[in-house]
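Source file: run_1.cif (mmCIF, C-alpha atoms and all ligand atoms)
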```cif
data_run
loop_
_atom_site.label_atom_id
_atom_site.label_comp_id
_atom_site.auth_asym_id
_atom_site.auth_seq_id
_atom_site.Cartn_x
_atom_site.Cartn_y
_atom_site.Cartn_z
CA ALA A 1385 -2.99 5.67 -21.35
CA GLN A 1386 -5.67 8.33 -21.12
CA ASP A 1387 -8.71 6.05 -20.90
CA SER A 1388 -9.95 5.59 -17.38
CA GLY A 1389 -10.52 1.90 -18.22
CA SER A 1390 -6.93 1.10 -17.34
CA LEU A 1391 -7.03 3.17 -14.15
CA ASP A 1392 -10.13 1.14 -13.34
CA ARG A 1393 -8.01 -1.97 -13.65
CA LEU A 1394 -5.46 -0.56 -11.19
CA ALA A 1395 -8.31 0.41 -8.84
CA GLY A 1396 -9.66 -3.14 -9.12
CA SER A 1397 -6.28 -4.62 -8.22
CA LEU A 1398 -5.92 -2.36 -5.18
CA ILE A 1399 -9.43 -3.28 -4.01
CA ASP A 1400 -8.80 -7.00 -4.62
CA ARG A 1401 -5.60 -6.72 -2.56
CA LEU A 1402 -7.49 -4.92 0.20
CA ASP A 1403 -10.10 -7.69 0.14
CA THR A 1404 -7.39 -10.17 1.11
CA ALA A 1405 -6.95 -8.27 4.40
CA ASP A 1406 -10.32 -9.58 5.58
CA THR A 1407 -9.18 -13.16 5.01
CA VAL A 1408 -5.77 -12.55 6.61
CA ALA A 1409 -7.45 -10.96 9.64
CA ALA A 1410 -9.88 -13.88 9.97
CA ILE A 1411 -6.97 -16.35 9.86
CA LYS A 1412 -5.03 -14.46 12.53
CA TRP A 1413 -8.17 -14.08 14.69
CA THR A 1414 -8.99 -17.80 14.44
CA ASP A 1415 -5.47 -18.51 15.73
CA THR A 1416 -6.10 -16.10 18.60
CA LEU A 1417 -9.33 -17.85 19.56
CA ARG A 1418 -7.45 -21.16 19.61
CA THR A 1419 -4.28 -20.05 21.39
CA GLY A 1420 -5.36 -17.03 23.42
CA VAL A 1421 -2.35 -15.16 22.01
CA ASP A 1422 -3.07 -11.67 20.66
CA PRO A 1423 -3.09 -11.53 16.87
CA VAL A 1424 0.15 -10.26 15.31
CA ILE A 1425 -0.84 -8.02 12.44
CA ASP A 1426 2.68 -6.93 11.42
CA ASP A 1427 5.05 -9.40 9.80
CA PRO A 1428 8.22 -7.41 9.03
CA ALA A 1429 10.00 -10.38 7.38
CA ARG A 1430 7.14 -10.94 4.95
CA GLU A 1431 6.97 -7.20 4.24
CA ALA A 1432 10.72 -7.08 3.53
CA ALA A 1433 10.39 -10.00 1.09
CA ILE A 1434 7.58 -8.16 -0.72
CA TYR A 1435 9.57 -4.91 -0.92
CA ASP A 1436 12.59 -6.76 -2.34
CA ALA A 1437 10.66 -8.80 -4.88
CA MET A 1438 8.62 -5.82 -6.09
CA ALA A 1439 11.69 -3.55 -6.36
CA GLN A 1440 13.29 -6.17 -8.63
CA LEU A 1441 10.16 -6.58 -10.70
CA GLY A 1442 9.71 -2.81 -10.94
CA ALA A 1443 13.30 -2.38 -12.12
CA GLN A 1444 12.48 -4.57 -15.13
CA GLU A 1445 9.71 -2.08 -15.94
CA ASN A 1446 11.95 0.98 -15.37
CA LEU A 1447 10.12 1.90 -12.17
CA PRO A 1448 12.46 3.54 -9.62
CA ALA A 1449 12.92 1.49 -6.43
CA PRO A 1450 11.78 4.32 -4.09
CA ARG A 1451 8.55 4.67 -6.05
CA VAL A 1452 7.79 0.95 -5.89
CA ARG A 1453 8.61 0.99 -2.19
CA GLN A 1454 6.21 3.87 -1.49
CA VAL A 1455 3.40 2.27 -3.44
CA PHE A 1456 3.76 -1.02 -1.56
CA GLU A 1457 4.05 0.75 1.79
CA GLY A 1458 0.65 2.17 0.93
CA GLN A 1459 -0.75 -1.27 0.09
CA ILE A 1460 0.66 -2.92 3.22
CA GLU A 1461 -0.43 -0.10 5.55
CA ALA A 1462 -3.90 -0.25 3.99
CA SER A 1463 -4.08 -4.00 4.68
CA LYS A 1464 -3.09 -3.40 8.28
CA ILE A 1465 -5.70 -0.64 8.71
CA VAL A 1466 -8.38 -3.16 7.67
CA GLN A 1467 -6.92 -5.97 9.80
CA ARG A 1468 -6.70 -3.79 12.91
CA GLY A 1469 -10.20 -2.44 12.36
CA LEU A 1470 -11.73 -5.88 11.96
CA VAL A 1471 -9.87 -7.33 14.95
CA THR A 1472 -11.15 -4.44 17.05
CA GLU A 1473 -14.73 -5.25 15.99
CA TRP A 1474 -14.25 -8.97 16.69
CA ARG A 1475 -12.67 -8.26 20.07
CA ALA A 1476 -15.79 -6.23 20.86
CA GLY A 1477 -17.94 -9.27 20.18
CA VAL A 1478 -18.89 -9.01 16.52
CA ALA A 1479 -18.75 -12.54 15.08
CA ALA A 1480 -15.74 -13.14 12.83
CA PRO A 1481 -16.23 -15.12 9.61
CA ALA A 1482 -14.46 -18.45 9.24
CA PRO A 1483 -11.42 -17.93 7.01
CA ALA A 1484 -11.87 -19.28 3.48
CA MET A 1485 -8.22 -20.38 3.17
CA ASP A 1486 -4.97 -20.59 5.12
CA LEU A 1487 -2.24 -17.95 5.36
CA ALA A 1488 0.00 -19.56 2.74
CA ALA A 1489 -2.86 -19.65 0.23
CA VAL A 1490 -3.93 -16.05 0.75
CA ARG A 1491 -0.30 -14.93 0.53
CA THR A 1492 -0.11 -16.62 -2.87
CA VAL A 1493 -3.14 -14.57 -3.93
CA ILE A 1494 -1.45 -11.42 -2.59
CA ASP A 1495 1.76 -12.25 -4.52
CA GLY A 1496 -0.24 -12.41 -7.76
CA LEU A 1497 -1.94 -9.08 -7.05
CA ASN A 1498 1.42 -7.49 -6.19
CA THR A 1499 2.70 -8.52 -9.62
CA ASP A 1500 -0.43 -7.12 -11.28
CA ILE A 1501 -0.02 -3.81 -9.43
CA VAL A 1502 3.58 -3.40 -10.65
CA ALA A 1503 2.53 -4.10 -14.25
CA GLU A 1504 -0.35 -1.60 -14.00
CA LEU A 1505 1.89 1.03 -12.39
CA ALA A 1506 4.26 0.70 -15.33
CA ALA A 1507 1.41 0.83 -17.84
CA GLU A 1508 -0.20 3.86 -16.17
CA GLN A 1509 2.98 5.92 -15.67
CA SER A 1510 1.66 8.85 -17.74
CA ASP A 1511 -1.63 9.01 -15.79
CA LEU A 1512 0.26 8.75 -12.51
CA THR A 1513 2.69 11.62 -12.95
CA GLY A 1514 2.32 15.37 -12.95
CA PRO A 1515 0.43 17.83 -10.78
CA GLY A 1516 -2.98 16.80 -12.16
CA CYS A 1517 -2.60 13.23 -10.94
CA PRO A 1518 -4.46 13.38 -7.59
CA ALA A 1519 -7.43 15.21 -9.09
CA ARG A 1520 -7.50 12.73 -11.99
CA ILE A 1521 -7.26 9.49 -10.07
CA THR A 1522 -9.15 10.15 -6.81
CA PRO A 1523 -12.62 10.12 -8.45
CA VAL A 1524 -11.79 6.87 -10.26
CA PHE A 1525 -10.88 5.19 -6.97
CA LEU A 1526 -13.83 6.63 -5.04
CA SER A 1527 -16.25 5.44 -7.68
CA ALA A 1528 -14.60 2.01 -7.67
CA ALA A 1529 -14.99 1.98 -3.86
CA ALA A 1530 -18.68 2.81 -4.24
CA SER A 1531 -19.34 0.21 -6.92
CA HIS A 1532 -17.57 -2.45 -4.82
CA ARG A 1533 -19.74 -1.29 -1.88
CA LEU A 1534 -16.73 -0.76 0.36
CA ASP A 1535 -17.65 0.17 3.92
CA ALA A 1536 -16.09 3.14 5.74
CA LEU A 1537 -13.16 1.08 7.07
CA HIS A 1538 -12.23 -0.28 3.64
CA THR A 1539 -12.74 3.08 1.93
CA ALA A 1540 -10.42 4.81 4.42
CA ALA A 1541 -7.85 2.06 3.90
CA LEU A 1542 -8.19 2.32 0.11
CA LEU A 1543 -7.43 6.05 0.29
CA ARG A 1544 -4.24 5.19 2.20
CA ALA A 1545 -3.35 2.76 -0.60
CA VAL A 1546 -4.09 5.35 -3.31
CA THR A 1547 -2.11 8.22 -1.77
CA PRO A 1548 1.36 7.11 -2.99
CA LEU A 1549 0.23 6.26 -6.54
CA CYS A 1550 0.90 9.75 -7.86
CA GLY A 1551 4.66 9.93 -8.12
C1 LIG A 1601 -1.23 -9.46 4.90
C2 LIG A 1601 -0.51 -9.73 6.00
O1 LIG A 1601 -0.43 -8.84 7.09
C3 LIG A 1601 0.47 -7.73 7.03
C4 LIG A 1601 0.36 -7.06 5.73
C5 LIG A 1601 1.14 -7.48 4.67
C6 LIG A 1601 0.78 -7.13 3.26
O2 LIG A 1601 -0.12 -6.30 3.07
O3 LIG A 1601 1.36 -7.71 2.32
C7 LIG A 1601 2.27 -8.30 4.91
C8 LIG A 1601 2.61 -8.69 6.17
C9 LIG A 1601 1.90 -8.20 7.37
O4 LIG A 1601 2.63 -7.14 7.91
C10 LIG A 1601 0.20 -11.00 6.17
O5 LIG A 1601 0.62 -11.28 7.30
O6 LIG A 1601 0.35 -11.73 5.17
#
```

Mind turning this structure into structure tokens?
Amino acid sequence: AQDSGSLDRLAGSLIDRLDTADTVAAIKWTDTLRTGVDPVIDDPAREAAIYDAMAQLGAQENLPAPRVRQVFEGQIEASKIVQRGLVTEWRAGVAAPAPAMDLAAVRTVIDGLNTDIVAELAAEQSDLTGPGCPARITPVFLSAAASHRLDALHTAALLRAVTPLCG
């Protein structure tokens, strides 16, 4: 697809997924306030389950497993950039928001967005290949970041999420 409307949809899904990091961080921080145990940002078992499920889903769309893996590494690392950044602010005394849902519920939201991202990757294959890809997609994502009023932390994380899209 050549219209940037569909790249906008992919940008929206990446930003929606990044938004979930705020909720996940607030859940983990609330646990920390209750238990005194440092928040654990990394959950390797959950990450492995995502990589497996998305590789299988991608295969149905003819997306190579290494490509799907790289894209989701980008999404997961981006989430962790936001979570670590927010926890650092909260540790420094900034008030954390009360989480709007529990971890199981937000993970269900993330699962849905993961599925959307695979479908959009498959649909946008032609826009996401070739040497012109970074120059073509970066402005779309930066303008989506601006229109969603992402702060510096979320914009930096979004760029991490965008980096592996060109493949
Ligand atoms: C979002 C979470 O935090 C981290 C990021 C993940 C992700 O982006 O999917 C998965 C597991 C954790 O390493 C979570 O724990 O669910």

Residue nearest A:Thr1404 among A:Thr1419, A:Asn1498, A:Ser1390, A:Gln1440 (counting only C-alpha atoms)
A:Asn1498

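The protein and nucleic acid residues lying at most 10 Å from A:Val1493 are Asp1400, Arg1401, Thr1404, Leu1487, Ala1488, Ala1489, Leu1497 and Asn1498 of chain A, with only C-alpha atoms considered and sequence neighbours fewer than 4 positions away removed.
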
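Taking all atoms listed in the file into account, ligand LIG 1601 (chain A) has within 6 Å the residues A:Ala1405, A:Val1408, A:Ile1425, A:Asp1426, A:Asp1427, A:Pro1428, A:Arg1430, A:Glu1431, A:Gln1459, A:Ile1460, A:Ser1463, A:Lys1464, A:Arg1491.
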
May I have the residues from that selection written out with C-alpha atoms, as a short mmCIF file (atom, residue, chain, number, x, y, z; two decimals), keeping the file's coordinate frame?
```
data_model
loop_
_atom_site.label_atom_id
_atom_site.label_comp_id
_atom_site.auth_asym_id
_atom_site.auth_seq_id
_atom_site.Cartn_x
_atom_site.Cartn_y
_atom_site.Cartn_z
CA ALA A 1405 -6.95 -8.27 4.40
CA VAL A 1408 -5.77 -12.55 6.61
CA ILE A 1425 -0.84 -8.02 12.44
CA ASP A 1426 2.68 -6.93 11.42
CA ASP A 1427 5.05 -9.40 9.80
CA PRO A 1428 8.22 -7.41 9.03
CA ARG A 1430 7.14 -10.94 4.95
CA GLU A 1431 6.97 -7.20 4.24
CA GLN A 1459 -0.75 -1.27 0.09
CA ILE A 1460 0.66 -2.92 3.22
CA SER A 1463 -4.08 -4.00 4.68
CA LYS A 1464 -3.09 -3.40 8.28
CA ARG A 1491 -0.30 -14.93 0.53
#
```

Provide the atom CA of A:Gly1396 to atom CA of A:Ala1528 distance in Å, to one decimal place.
7.3 Å

Pick from A:Ala1433, A:Met1485, A:Met1438, A:Leu1391 nearest to A:Asp1406, counting all atoms listed in the file
A:Met1485

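Among the candidates A:Leu1549, A:Ala1506, A:Leu1398, A:Ala1462, the residue lying nearest to A:Arg1520 is A:Leu1549 (atoms considered: only C-alpha atoms).
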
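Distance-wise, atom CA of A:Ala1529 and atom CA of A:Ala1439 end up 27.4 Å apart.
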
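Compared by their closest atoms to A:Ala1503, and using all atoms listed in the file, the residues A:Ser1531, A:Leu1470, A:Leu1447, A:His1538 rank with A:Leu1447 nearest.
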
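The spacing separating atom CA of A:Pro1518 from atom CA of A:Thr1547 amounts to 8.1 Å.
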
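Shortest atom-to-atom contact with A:Pro1523 among A:Ala1536, A:Leu1543, A:Gly1477, A:Ala1409: A:Leu1543, counting only C-alpha atoms.
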
Enumerate, as a VMD selection string, the protein, DNA and RNA residues whose atoms approach (4.5, 7.5, -3.1) to within 9 Å, taking into account all atoms listed in the file and the coordinate frame of the file.
chain A and resid 1450 to 1458 1546 to 1551

Using all atoms listed in the file, which protein or nucleic acid residues come within 7 Å of A:Pro1483? Drop anything in the same chain fewer than 6 positions from it, and give the result as an mmCIF file with C-alpha atoms, in the coordinates of the input.
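Everything below was put into selection.cif:
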```
data_model
loop_
_atom_site.group_PDB
_atom_site.id
_atom_site.type_symbol
_atom_site.label_atom_id
_atom_site.label_comp_id
_atom_site.auth_asym_id
_atom_site.auth_seq_id
_atom_site.Cartn_x
_atom_site.Cartn_y
_atom_site.Cartn_z
ATOM 1 C CA THR A 1407 -9.180 -13.160 5.010
ATOM 2 C CA ALA A 1410 -9.880 -13.880 9.970
ATOM 3 C CA ILE A 1411 -6.970 -16.350 9.860
#
```
